[in-house]
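> The structure file protein-v3.cif (mmCIF, C-alpha atoms) is provided below.
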```cif
data_entry
#
loop_
_atom_site.label_atom_id
_atom_site.label_comp_id
_atom_site.auth_asym_id
_atom_site.auth_seq_id
_atom_site.Cartn_x
_atom_site.Cartn_y
_atom_site.Cartn_z
CA MET A 1115 -49.92 27.40 -10.91
CA LYS A 1116 -47.70 28.64 -13.71
CA GLN A 1117 -45.83 30.70 -11.14
CA PHE A 1118 -45.21 27.49 -9.17
CA TRP A 1119 -43.71 25.75 -12.19
CA ALA A 1120 -41.59 28.79 -12.99
CA VAL A 1121 -40.16 28.66 -9.46
CA LEU A 1122 -39.50 24.94 -9.90
CA ILE A 1123 -37.57 25.65 -13.10
CA VAL A 1124 -35.43 28.17 -11.27
CA LEU A 1125 -34.73 25.60 -8.55
CA LEU A 1126 -33.84 22.99 -11.14
CA SER A 1127 -31.50 25.45 -12.81
CA PHE A 1128 -29.75 26.17 -9.53
CA THR A 1129 -29.49 22.42 -8.91
CA ALA A 1130 -27.85 21.96 -12.30
CA ILE A 1131 -25.40 24.79 -11.68
CA TRP A 1132 -24.59 23.43 -8.20
CA SER A 1133 -24.10 19.90 -9.55
CA THR A 1134 -21.70 21.01 -12.25
CA ASN A 1135 -19.82 23.75 -10.43
CA GLY A 1136 -20.46 24.11 -6.70
CA CYS A 1137 -20.52 20.35 -6.21
CA VAL A 1138 -17.03 19.68 -7.56
CA SER A 1139 -15.27 17.06 -5.42
CA ALA A 1140 -13.07 18.72 -2.80
CA ARG A 1141 -10.68 15.78 -2.75
CA MET A 1142 -10.32 15.42 -6.53
CA SER A 1143 -9.57 19.13 -6.92
CA ASP A 1144 -6.98 19.09 -4.11
CA ARG A 1145 -3.83 19.34 -6.26
CA ALA A 1146 -1.60 20.56 -3.42
CA SER A 1147 -1.98 17.33 -1.44
CA ASP A 1148 -1.41 15.24 -4.58
CA ARG A 1149 1.79 17.15 -5.32
CA LEU A 1150 3.16 16.62 -1.81
CA PHE A 1151 2.48 12.90 -2.00
CA ARG A 1152 4.00 12.48 -5.43
CA GLU A 1153 7.11 14.37 -4.37
CA GLY A 1154 7.58 11.90 -1.53
CA GLN A 1155 6.64 14.41 1.18
CA TYR A 1156 4.37 11.87 2.83
CA LYS A 1157 4.17 13.43 6.29
CA GLU A 1158 3.26 16.81 4.82
CA ALA A 1159 0.66 15.17 2.57
CA ALA A 1160 -0.80 13.37 5.59
CA ASN A 1161 -1.17 16.69 7.41
CA LYS A 1162 -3.10 18.10 4.45
CA PHE A 1163 -5.35 15.05 4.31
CA ARG A 1164 -6.02 15.36 8.05
CA GLU A 1165 -7.26 18.89 7.40
CA GLY A 1166 -9.51 17.51 4.67
CA VAL A 1167 -10.92 14.86 7.00
CA LYS A 1168 -11.68 17.54 9.58
CA GLU A 1169 -13.34 19.80 7.01
CA GLN A 1170 -15.53 16.94 5.75
CA GLY A 1171 -17.01 16.38 9.20
CA GLU A 1172 -18.94 13.18 9.91
CA ASN A 1173 -20.97 13.01 6.70
CA GLY A 1174 -18.89 14.76 4.04
CA ARG A 1175 -19.26 13.51 0.46
CA ASP A 1176 -15.49 13.00 0.15
CA LEU A 1177 -14.74 11.84 3.69
CA LEU A 1178 -13.93 8.30 2.57
CA LEU A 1179 -11.49 9.56 -0.08
CA TYR A 1180 -9.66 11.75 2.42
CA LEU A 1181 -9.38 8.87 4.89
CA LEU A 1182 -8.06 6.51 2.21
CA ASP A 1183 -5.36 8.95 1.14
CA LEU A 1184 -4.56 9.80 4.77
CA GLY A 1185 -4.02 6.10 5.44
CA LEU A 1186 -1.88 5.72 2.34
CA SER A 1187 0.24 8.77 3.17
CA LEU A 1188 0.88 7.59 6.72
CA HIS A 1189 1.73 4.12 5.38
CA SER A 1190 4.28 5.60 2.97
CA ALA A 1191 5.67 7.75 5.79
CA GLY A 1192 6.29 4.65 7.91
CA LYS A 1193 3.54 5.52 10.41
CA TYR A 1194 1.94 2.10 10.15
CA GLU A 1195 -0.20 2.11 13.29
CA GLU A 1196 -1.60 5.57 12.52
CA SER A 1197 -2.18 4.43 8.96
CA ASN A 1198 -4.24 1.47 10.14
CA ASN A 1199 -6.33 3.73 12.36
CA ALA A 1200 -7.27 5.76 9.28
CA PHE A 1201 -7.97 2.60 7.28
CA PHE A 1202 -10.14 1.13 10.07
CA ARG A 1203 -12.28 4.25 10.01
CA ALA A 1204 -12.41 4.18 6.21
CA GLU A 1205 -13.47 0.53 6.21
CA LYS A 1206 -16.29 1.24 8.65
CA ILE A 1207 -17.56 4.14 6.55
CA ALA A 1208 -17.37 2.09 3.32
CA GLU A 1209 -19.43 -0.67 4.96
CA ILE A 1210 -22.07 1.80 6.19
CA TYR A 1211 -22.40 3.44 2.77
CA ASP A 1212 -22.80 0.07 1.11
CA TYR A 1213 -26.34 0.02 2.46
CA THR A 1214 -27.75 3.03 0.63
CA SER A 1215 -31.52 3.38 0.89
CA LEU A 1216 -33.71 2.91 -2.17
CA ALA A 1217 -35.01 6.47 -1.74
CA ALA A 1218 -31.48 7.88 -1.85
CA GLU A 1219 -30.71 5.88 -4.99
CA SER A 1220 -33.92 6.99 -6.69
CA ALA A 1221 -33.20 10.64 -5.91
CA THR A 1222 -30.04 10.55 -8.00
CA LEU A 1223 -32.03 9.67 -11.13
CA LEU A 1224 -32.65 13.40 -11.54
CA VAL A 1225 -29.27 14.79 -10.42
CA SER A 1226 -25.58 13.98 -10.69
CA GLU A 1227 -23.93 11.07 -8.86
CA ASN A 1228 -21.41 13.66 -7.62
CA ILE A 1229 -23.81 14.90 -4.97
CA LYS A 1230 -23.84 11.50 -3.26
CA VAL A 1231 -21.43 10.44 -0.55
CA TYR A 1232 -18.57 8.52 -2.13
CA LYS A 1233 -18.73 4.91 -0.94
CA GLY A 1234 -15.76 3.48 -2.84
CA GLU A 1235 -15.26 1.06 -5.70
CA ASP A 1236 -15.21 -2.64 -4.86
CA PHE A 1237 -11.49 -2.99 -5.55
CA GLU A 1238 -10.79 0.00 -3.26
CA LYS A 1239 -12.66 -1.65 -0.39
CA VAL A 1240 -10.56 -4.80 -0.88
CA LEU A 1241 -7.35 -2.76 -0.89
CA ILE A 1242 -8.22 -1.22 2.49
CA ASN A 1243 -7.74 -4.64 4.07
CA THR A 1244 -4.73 -5.33 1.87
CA TYR A 1245 -2.98 -2.24 3.22
CA ILE A 1246 -3.97 -3.04 6.80
CA ALA A 1247 -2.36 -6.46 6.32
CA ILE A 1248 0.78 -4.89 4.82
CA ASN A 1249 1.03 -2.44 7.72
CA TYR A 1250 0.79 -5.25 10.26
CA ALA A 1251 3.46 -7.22 8.39
CA LEU A 1252 5.76 -4.19 8.37
CA MET A 1253 5.24 -3.82 12.13
CA GLY A 1254 6.12 -7.49 12.62
CA LYS A 1255 2.59 -8.31 13.81
CA LEU A 1256 2.27 -11.36 11.59
CA GLU A 1257 -0.82 -12.91 13.20
CA ASP A 1258 -2.77 -9.67 12.69
CA ALA A 1259 -1.46 -9.44 9.13
CA LEU A 1260 -2.69 -12.96 8.47
CA VAL A 1261 -6.18 -12.12 9.72
CA GLU A 1262 -6.43 -9.16 7.34
CA ALA A 1263 -4.98 -11.10 4.40
CA ARG A 1264 -7.68 -13.72 4.87
CA ARG A 1265 -10.35 -11.00 5.10
CA VAL A 1266 -9.29 -9.74 1.66
CA ASN A 1267 -10.27 -12.95 -0.06
CA ARG A 1268 -13.33 -13.30 2.16
CA LYS A 1269 -14.54 -9.92 0.88
CA LEU A 1270 -13.91 -10.99 -2.69
CA HIS A 1271 -15.76 -14.25 -2.11
CA LEU A 1272 -18.80 -12.33 -0.87
CA MET A 1273 -18.64 -9.94 -3.83
CA VAL A 1274 -18.68 -12.92 -6.19
CA THR A 1275 -21.38 -14.97 -4.41
CA GLU A 1276 -23.67 -12.17 -3.21
CA GLY A 1277 -22.94 -9.44 -5.73
CA GLN A 1278 -22.70 -11.72 -8.76
CA ARG A 1279 -19.38 -10.15 -9.77
CA LYS A 1280 -16.75 -11.89 -11.89
CA TYR A 1281 -13.91 -11.01 -9.55
CA LYS A 1282 -10.84 -13.14 -8.84
CA GLN A 1283 -9.15 -13.86 -5.54
CA ASN A 1284 -6.27 -11.56 -4.64
CA ALA A 1285 -2.92 -13.20 -5.42
CA PHE A 1286 -1.00 -10.70 -3.29
CA ALA A 1287 -3.08 -11.53 -0.22
CA ARG A 1288 -2.76 -15.27 -0.89
CA TYR A 1289 1.00 -15.09 -1.27
CA LEU A 1290 1.36 -12.85 1.79
CA SER A 1291 -0.63 -15.26 3.92
CA ALA A 1292 1.47 -18.18 2.61
CA ILE A 1293 4.67 -16.38 3.67
CA ILE A 1294 3.23 -15.69 7.12
CA TYR A 1295 2.00 -19.26 7.59
CA GLU A 1296 5.48 -20.45 6.65
CA ALA A 1297 7.07 -18.00 9.11
CA GLU A 1298 4.92 -19.55 11.84
CA ASN A 1299 5.87 -23.12 10.77
CA ASN A 1300 2.32 -23.81 9.63
CA TYR A 1301 3.44 -25.59 6.48
CA ASN A 1302 0.08 -27.20 5.66
CA ASP A 1303 -1.74 -23.86 5.37
CA ALA A 1304 1.26 -22.25 3.68
CA TYR A 1305 1.20 -25.04 1.09
CA VAL A 1306 -2.52 -24.47 0.46
CA ASP A 1307 -2.02 -20.73 -0.13
CA TYR A 1308 1.02 -21.22 -2.35
CA LYS A 1309 -1.11 -23.54 -4.47
CA LYS A 1310 -3.92 -20.95 -4.53
CA THR A 1311 -1.37 -18.41 -5.73
CA LEU A 1312 -0.36 -20.83 -8.48
CA GLU A 1313 -3.98 -20.98 -9.67
CA LEU A 1314 -4.09 -17.18 -9.89
CA ILE A 1315 -0.59 -16.51 -11.28
CA PRO A 1316 0.83 -19.75 -12.77
CA ASP A 1317 4.02 -18.10 -13.98
CA TYR A 1318 4.95 -16.17 -10.83
CA PRO A 1319 8.77 -16.35 -10.47
CA GLY A 1320 10.05 -18.53 -7.65
CA LEU A 1321 6.67 -20.08 -6.90
CA GLY A 1322 7.91 -23.51 -8.00
CA ARG A 1323 10.63 -23.37 -5.33
CA ASP A 1324 8.08 -22.28 -2.73
CA LEU A 1325 5.81 -25.23 -3.53
CA TRP A 1326 8.72 -27.70 -3.59
CA ARG A 1327 9.96 -26.35 -0.24
CA MET A 1328 6.56 -26.87 1.41
CA ALA A 1329 6.33 -30.40 0.00
CA TRP A 1330 9.85 -31.02 1.36
CA GLN A 1331 8.89 -29.65 4.78
CA LEU A 1332 5.78 -31.86 4.82
CA ARG A 1333 7.77 -34.93 3.72
CA MET A 1334 5.75 -35.42 0.53
CA PRO A 1335 8.17 -36.93 -2.04
CA ASP A 1336 5.49 -37.41 -4.70
CA GLU A 1337 4.57 -33.74 -4.50
CA MET A 1338 8.26 -32.75 -4.62
CA GLU A 1339 8.67 -34.76 -7.81
CA LYS A 1340 5.54 -33.16 -9.29
CA TRP A 1341 6.92 -29.67 -8.77
CA ASP A 1342 10.35 -30.75 -10.03
CA GLN A 1343 8.78 -31.82 -13.30
CA LYS A 1344 6.33 -28.94 -13.66
CA PHE A 1345 8.90 -26.20 -13.03
CA GLU A 1346 12.02 -28.09 -14.19
CA LEU A 1347 13.73 -27.36 -10.89
CA THR A 1348 17.47 -27.85 -10.56
CA LYS A 1349 19.72 -28.74 -7.62
CA GLN A 1350 20.44 -25.03 -7.28
CA ASP A 1351 16.69 -24.41 -6.96
CA HIS A 1352 16.55 -27.04 -4.23
CA LYS A 1353 19.44 -25.39 -2.45
CA LEU A 1354 17.74 -21.98 -2.59
CA ALA A 1355 14.47 -23.48 -1.42
CA THR A 1356 15.90 -25.31 1.58
CA SER A 1357 18.12 -22.39 2.58
CA LEU A 1358 15.04 -20.74 4.09
CA GLU A 1359 14.47 -23.53 6.59
CA GLN A 1360 14.32 -21.89 10.01
CA LYS A 1361 16.36 -24.65 11.68
CA ARG A 1362 19.32 -23.64 9.55
CA GLY A 1363 19.20 -20.13 11.01
CA LYS A 1364 18.68 -18.42 7.66
CA SER A 1365 16.66 -15.22 7.75
CA GLU A 1366 14.69 -13.54 5.00
CA ILE A 1367 13.89 -10.01 3.89
CA ILE A 1368 10.60 -9.61 2.04
CA VAL A 1369 10.51 -6.41 -0.01
CA ILE A 1370 7.09 -4.99 -0.88
CA PHE A 1371 7.39 -2.69 -3.89
CA GLU A 1372 4.43 -0.39 -4.57
CA ASN A 1373 5.00 0.48 -8.18
CA GLY A 1374 3.64 3.37 -10.22
CA ILE A 1375 0.31 5.19 -10.08
CA SER A 1376 -3.22 3.80 -10.43
CA PRO A 1377 -5.57 4.67 -13.32
CA VAL A 1378 -7.67 7.80 -13.34
CA LYS A 1379 -11.40 8.21 -14.00
CA ARG A 1380 -12.52 10.30 -16.95
CA PRO A 1381 -15.84 10.57 -18.81
CA HIS A 1382 -16.49 7.55 -21.02
CA PRO A 1383 -15.79 8.40 -24.71
CA SER A 1384 -19.13 6.89 -25.77
CA PHE A 1385 -21.28 8.12 -22.88
CA SER A 1386 -19.91 11.22 -21.16
CA SER A 1387 -22.15 10.97 -18.09
CA ILE A 1388 -20.59 7.68 -16.93
CA PRO A 1389 -16.95 7.20 -15.80
CA LYS A 1390 -14.21 5.04 -17.26
CA PHE A 1391 -10.77 4.25 -15.84
CA PHE A 1392 -7.78 5.20 -18.01
CA PRO A 1393 -4.18 4.05 -17.34
CA ARG A 1394 -1.64 6.71 -16.39
CA TYR A 1395 2.02 6.99 -17.35
CA ASN A 1396 3.93 4.12 -15.73
CA PRO A 1397 7.37 3.52 -17.28
CA VAL A 1398 8.67 1.06 -14.64
CA SER A 1399 7.74 -2.63 -14.81
CA TYR A 1400 9.84 -3.95 -11.93
CA ALA A 1401 12.75 -3.09 -9.64
CA GLU A 1402 16.06 -4.59 -8.62
CA VAL A 1403 16.68 -5.11 -4.92
CA VAL A 1404 20.13 -4.29 -3.55
CA VAL A 1405 21.08 -5.70 -0.14
CA ASP A 1406 24.32 -4.54 1.49
CA GLY A 1407 25.50 -3.09 -1.82
CA GLU A 1408 24.86 -6.23 -3.89
CA THR A 1409 21.95 -6.82 -6.30
CA LYS A 1410 20.12 -9.84 -4.93
CA ALA A 1411 16.73 -10.10 -6.60
CA SER A 1412 14.09 -8.52 -8.82
CA THR A 1413 10.54 -7.72 -7.79
CA SER A 1414 7.57 -9.39 -9.49
CA SER A 1415 3.96 -8.24 -9.66
CA LEU A 1416 1.37 -10.07 -7.59
CA HIS A 1417 -1.59 -7.70 -7.81
CA ASP A 1418 -2.29 -5.44 -10.79
CA VAL A 1419 -4.35 -2.58 -9.37
CA GLU A 1420 -4.62 -0.90 -12.77
CA SER A 1421 -6.21 -3.83 -14.62
CA THR A 1422 -8.38 -4.72 -11.60
CA ALA A 1423 -9.79 -1.18 -11.45
CA ILE A 1424 -10.53 -1.12 -15.18
CA GLU A 1425 -12.09 -4.60 -15.21
CA ASN A 1426 -14.19 -4.04 -12.09
CA LEU A 1427 -15.70 -0.82 -13.45
CA ASP A 1428 -16.29 -2.45 -16.85
CA GLU A 1429 -18.11 -5.25 -15.01
CA LYS A 1430 -20.50 -2.66 -13.54
CA TYR A 1431 -21.27 -0.88 -16.82
CA ALA A 1432 -24.54 -2.68 -17.46
CA GLY A 1433 -25.92 -1.53 -14.11
CA ILE A 1434 -24.59 2.01 -14.53
CA ILE A 1435 -26.07 2.34 -18.01
CA ALA A 1436 -29.40 0.90 -16.84
CA LYS A 1437 -29.57 3.54 -14.12
CA LYS A 1438 -28.65 6.28 -16.60
CA VAL A 1439 -31.43 5.12 -18.94
CA ALA A 1440 -33.87 5.18 -16.02
CA GLY A 1441 -32.62 8.68 -15.25
CA ILE A 1442 -33.25 9.80 -18.82
CA VAL A 1443 -36.79 8.44 -18.64
CA ALA A 1444 -37.39 10.22 -15.31
CA LYS A 1445 -36.04 13.51 -16.66
CA GLU A 1446 -38.24 13.31 -19.74
CA VAL A 1447 -41.30 12.57 -17.60
CA VAL A 1448 -40.62 15.59 -15.36
CA ALA A 1449 -39.99 17.88 -18.34
CA ASP A 1450 -43.09 16.60 -20.12
CA GLN A 1451 -45.27 17.15 -17.04
CA ILE A 1452 -43.99 20.70 -16.62
CA GLY A 1453 -44.56 21.41 -20.31
CA ARG A 1454 -48.13 20.06 -20.18
CA ARG A 1455 -49.09 21.77 -16.91
CA THR A 1456 -47.70 25.17 -17.94
CA ASP A 1457 -48.55 24.83 -21.62
CA SER A 1458 -45.14 26.39 -22.23
CA PRO A 1459 -42.64 24.89 -24.71
CA LEU A 1460 -40.04 27.29 -23.27
CA LEU A 1461 -40.40 25.93 -19.73
CA TRP A 1462 -40.33 22.35 -21.13
CA PHE A 1463 -37.07 23.18 -22.91
CA LEU A 1464 -35.52 24.94 -19.89
CA THR A 1465 -36.45 22.01 -17.64
CA ARG A 1466 -34.71 19.52 -19.94
CA VAL A 1467 -31.62 21.75 -20.13
CA ALA A 1468 -31.49 22.11 -16.34
CA LEU A 1469 -31.93 18.39 -15.68
CA TYR A 1470 -29.38 17.22 -18.24
CA ALA A 1471 -26.85 19.89 -17.29
CA GLY A 1472 -26.63 18.39 -13.81
CA ASP A 1473 -26.01 14.85 -15.07
CA GLN A 1474 -22.22 14.53 -14.84
CA ALA A 1475 -19.96 11.48 -14.54
CA ASP A 1476 -18.69 10.81 -11.03
CA LEU A 1477 -14.92 10.89 -11.49
CA ARG A 1478 -13.95 10.32 -7.88
CA SER A 1479 -11.54 7.50 -6.99
CA TRP A 1480 -8.67 6.56 -4.66
CA ASN A 1481 -6.20 7.96 -7.14
CA LEU A 1482 -2.88 7.77 -5.25
CA LEU A 1483 -2.75 3.97 -5.25
CA PRO A 1484 0.14 2.22 -7.01
CA ARG A 1485 -0.34 0.59 -10.39
CA ASP A 1486 0.62 -2.78 -8.92
CA LEU A 1487 1.94 -4.49 -5.80
CA GLN A 1488 5.18 -6.44 -6.15
CA ILE A 1489 7.30 -8.65 -3.90
CA ALA A 1490 10.91 -9.88 -3.79
CA ARG A 1491 12.31 -12.38 -1.27
CA ILE A 1492 15.97 -12.34 -0.25
CA PRO A 1493 17.54 -14.97 2.05
CA VAL A 1494 20.10 -13.34 4.33
CA GLU A 1495 22.25 -14.14 7.34
CA PRO A 1496 20.87 -12.88 10.67
CA GLY A 1497 21.89 -9.33 11.51
CA VAL A 1498 21.55 -5.74 10.30
CA HIS A 1499 21.21 -5.13 6.56
CA THR A 1500 20.76 -2.15 4.26
CA VAL A 1501 18.16 -2.47 1.52
CA LYS A 1502 17.74 -0.36 -1.60
CA VAL A 1503 15.26 -0.66 -4.44
CA LYS A 1504 16.19 0.44 -7.96
CA PRO A 1505 13.17 0.75 -10.27
CA VAL A 1506 14.48 -0.29 -13.69
CA GLY A 1507 14.59 2.85 -15.81
CA PHE A 1508 14.62 5.16 -12.80
CA THR A 1509 17.05 6.21 -10.07
CA GLU A 1510 17.18 4.15 -6.88
CA LEU A 1511 14.86 4.91 -3.98
CA GLY A 1512 16.01 5.76 -0.47
CA GLU A 1513 17.96 3.23 1.58
CA LYS A 1514 16.37 1.44 4.53
CA THR A 1515 18.02 -0.49 7.35
CA VAL A 1516 16.48 -3.65 8.77
CA GLU A 1517 17.51 -6.05 11.52
CA VAL A 1518 16.64 -9.70 11.04
CA ALA A 1519 16.78 -12.32 13.81
CA ALA A 1520 17.90 -15.87 13.09
CA GLY A 1521 15.25 -17.88 11.26
CA LYS A 1522 12.86 -14.91 11.02
CA LYS A 1523 11.28 -12.92 8.22
CA VAL A 1524 11.24 -9.12 8.09
CA PHE A 1525 9.12 -7.00 5.74
CA VAL A 1526 10.20 -3.67 4.24
CA ASN A 1527 8.34 -1.47 1.75
CA PHE A 1528 9.19 1.06 -0.97
CA ARG A 1529 6.99 3.29 -3.15
CA TYR A 1530 7.85 4.56 -6.62
CA ILE A 1531 5.72 7.23 -8.36
CA PRO A 1532 6.57 8.43 -11.90
CA TYR A 1533 7.01 12.10 -12.74
CA TYR A 1534 4.79 13.65 -15.42
#
```
Rewrite the coordinates I just gave you, this time as structure tokens.

Amino acid sequence: MKQFWAVLIVLLSFTAIWSTNGCVSARMSDRASDRLFREGQYKEAANKFREGVKEQGENGRDLLLYLLDLGLSLHSAGKYEESNNAFFRAEKIAEIYDYTSLAAESATLLVSENIKVYKGEDFEKVLINTYIAINYALMGKLEDALVEARRVNRKLHLMVTEGQRKYKQNAFARYLSAIIYEAENNYNDAYVDYKKTLELIPDYPGLGRDLWRMAWQLRMPDEMEKWDQKFELTKQDHKLATSLEQKRGKSEIIVIFENGISPVKRPHPSFSSIPKFFPRYNPVSYAEVVVDGETKASTSSLHDVESTAIENLDEKYAGIIAKKVAGIVAKEVVADQIGRRTDSPLLWFLTRVALYAGDQADLRSWNLLPRDLQIARIPVEPGVHTVKVKPVGFTELGEKTVEVAAGKKVFVNFRYIPYY
């Protein structure tokens, strides 16, 4: 019998070594792909992530992470349809892994979370649909974009009602859907979503004009007066607001600015076996938008990925700590049983060392996301226009050319990543 327990100790020791060394996340240690992405070599980065997806197979622990970064790389490379294909697969996998069996959860009480398949943080699952919506908007498929934008807030609603989370609706998705409703002359629904955006970000620049414009379109003078008073709108504001009316033939360019780099997971300072998100270096707060050589607008943040990631993980701390405490109890029970059955203090000690050595914080995350998502809206005459984005405090990003039909809206995106 003592020989049996000695063999078990050896197995536990190997498990600990594997958990801490051999079980290092393939995706999180893939510095070459990160470098390509951060240098703006998005196609090359996508090729590397494709290799990672293939190597992970159907059930790889990091398959979801590789798919997320593949989708993001293709998005940044302008391959929007291919990007959505990657995101669709990622969404399906995230949904499947949401339903982890009780047995699988219990097994991780004795070993590191790193050995489990990564199923994504809640905010990452929401951003899958956000990026699908953005891709559709960039392709001009506004109805499809609207469907995905609505799914974003539907997911959040379910997380709040079923998961008892303290999450907020996504202001970016709300504002995007309002723009699309307006583009389709559905002013009632656009008005509703502009007002929802107001609830989430009361001080968002230009929102007063948007609300006044919808009230004007809907022939609601009392509402127009309400927004005039609340936002102290001027005649110039009215002129800017009504200039977007489709009947007047004015077109609009909507710039989506993906700014900075999302936070990174590190061991919690107070409890090293659980993760905590830490902000990364992000010197740029907003960008100026240059159309046809003239500065026309500044971007404003609608969704702060950084603060959402930090807050969402903080919200889960009670559950994470409870599981860690249960894990400590389970480890002590196993070590105590081995010590009693072998009557060996040495084996008791070695068991505890082996079990605790394998208990490491899971530091995996979708770490190439931007810090925040920003938007700028520029009324233009119909025709071909050149668009540049100049992150304030940084050199301008590459120029893009867009063609806008009379009375239509066209979306264009830019990504800025800081050097460090």
> Quick one: residues within 7 Å of Ala1191 in chain A, all atoms listed in the file counted, chain neighbours fewer than 4 positions away excluded, as number ranges by chain?
A: 1156-1157, 1187
> If you count all atoms listed in the file, which residues fall within 12 Å of Val1369 in chain A, apart from same-chain ones fewer than 2 positions away, as a VMD selection string?
chain A and resid 1248 1251 to 1252 1290 1366 to 1367 1371 to 1372 1401 to 1405 1410 to 1415 1487 to 1493 1500 to 1504 1514 1516 1523 to 1529
> Report as a ChimeraX atom specification the residues that result from applying the PyMOL selection byres ((chain A and resi 1295) around 12) to the structure here.
/A:1256-1261,1263-1264,1288-1294,1296-1308,1328,1523
> Taking the file above as input, evaluate the PyMOL selection byres ((chain A and resi 1195) around 12) and report the hits as a PDB file with C-alpha atoms, keeping the file's coordinate frame.

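Below is the file expr-v2.pdb, written as the result:
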```pdb
ATOM      1  CA  GLY A1185      -4.020   6.100   5.440  1.00  0.00           C
ATOM      2  CA  LEU A1186      -1.880   5.720   2.340  1.00  0.00           C
ATOM      3  CA  LEU A1188       0.880   7.590   6.720  1.00  0.00           C
ATOM      4  CA  HIS A1189       1.730   4.120   5.380  1.00  0.00           C
ATOM      5  CA  SER A1190       4.280   5.600   2.970  1.00  0.00           C
ATOM      6  CA  ALA A1191       5.670   7.750   5.790  1.00  0.00           C
ATOM      7  CA  GLY A1192       6.290   4.650   7.910  1.00  0.00           C
ATOM      8  CA  LYS A1193       3.540   5.520  10.410  1.00  0.00           C
ATOM      9  CA  TYR A1194       1.940   2.100  10.150  1.00  0.00           C
ATOM     10  CA  GLU A1196      -1.600   5.570  12.520  1.00  0.00           C
ATOM     11  CA  SER A1197      -2.180   4.430   8.960  1.00  0.00           C
ATOM     12  CA  ASN A1198      -4.240   1.470  10.140  1.00  0.00           C
ATOM     13  CA  ASN A1199      -6.330   3.730  12.360  1.00  0.00           C
ATOM     14  CA  ALA A1200      -7.270   5.760   9.280  1.00  0.00           C
ATOM     15  CA  PHE A1201      -7.970   2.600   7.280  1.00  0.00           C
ATOM     16  CA  PHE A1202     -10.140   1.130  10.070  1.00  0.00           C
ATOM     17  CA  TYR A1245      -2.980  -2.240   3.220  1.00  0.00           C
ATOM     18  CA  ILE A1246      -3.970  -3.040   6.800  1.00  0.00           C
ATOM     19  CA  ALA A1247      -2.360  -6.460   6.320  1.00  0.00           C
ATOM     20  CA  ILE A1248       0.780  -4.890   4.820  1.00  0.00           C
ATOM     21  CA  ASN A1249       1.030  -2.440   7.720  1.00  0.00           C
ATOM     22  CA  TYR A1250       0.790  -5.250  10.260  1.00  0.00           C
ATOM     23  CA  ALA A1251       3.460  -7.220   8.390  1.00  0.00           C
ATOM     24  CA  LEU A1252       5.760  -4.190   8.370  1.00  0.00           C
ATOM     25  CA  MET A1253       5.240  -3.820  12.130  1.00  0.00           C
ATOM     26  CA  GLY A1254       6.120  -7.490  12.620  1.00  0.00           C
ATOM     27  CA  LYS A1255       2.590  -8.310  13.810  1.00  0.00           C
TER      28      LYS A1255
END
```
> Which residues are near Pro1393 in chain A? Cut-off 9 Å, only C-alpha atoms, ignore same chain within fewer than 3 positions. Put them as a PyMOL selection string.
chain A and resi 1375-1379+1396+1420-1421+1424+1485
> To one decimal place, how far is CA of Asn1373 in chain A from CA of Pro1484 in chain A in Å?
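Distance reported for this atom pair: 5.3 Å.
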> Quote the spacing between CA of Pro1496 in chain A and CA of Arg1333 in chain A in Å to one decimal place.
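We find that CA of Pro1496 in chain A and CA of Arg1333 in chain A lie 26.6 Å from each other.
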> Tell me, as a PyMOL selection string, which residues lie within 9 Å of Tyr1533 in chain A, counting all atoms listed in the file; anything in the same chain fewer than 4 positions away does not count.
chain A and resi 1152-1153+1395
> For Leu1150 in chain A, find every residue with an atom within 12 Å (counting all atoms listed in the file), except residues of its own chain fewer than 6 positions away, and show them as a PyMOL selection string.
chain A and resi 1144+1156-1163+1183+1187+1191+1482+1531
> Next, write the just-selected residues to a file, as a short mmCIF file (atom, residue, chain, number, x, y, z; two decimals), in the coordinates of the input, keeping C-alpha atoms as the atom set.

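Wrote it out as out-v2.cif, contents follow:
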```
data_model
loop_
_atom_site.label_atom_id
_atom_site.label_comp_id
_atom_site.auth_asym_id
_atom_site.auth_seq_id
_atom_site.Cartn_x
_atom_site.Cartn_y
_atom_site.Cartn_z
CA ASP A 1144 -6.98 19.09 -4.11
CA TYR A 1156 4.37 11.87 2.83
CA LYS A 1157 4.17 13.43 6.29
CA GLU A 1158 3.26 16.81 4.82
CA ALA A 1159 0.66 15.17 2.57
CA ALA A 1160 -0.80 13.37 5.59
CA ASN A 1161 -1.17 16.69 7.41
CA LYS A 1162 -3.10 18.10 4.45
CA PHE A 1163 -5.35 15.05 4.31
CA ASP A 1183 -5.36 8.95 1.14
CA SER A 1187 0.24 8.77 3.17
CA ALA A 1191 5.67 7.75 5.79
CA LEU A 1482 -2.88 7.77 -5.25
CA ILE A 1531 5.72 7.23 -8.36
#
```
> I'd like the interatomic distance between CA of Arg1141 in chain A and CA of Ala1287 in chain A, to a tenth of an Å.
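That distance, rounded to one decimal, is 28.5 Å.
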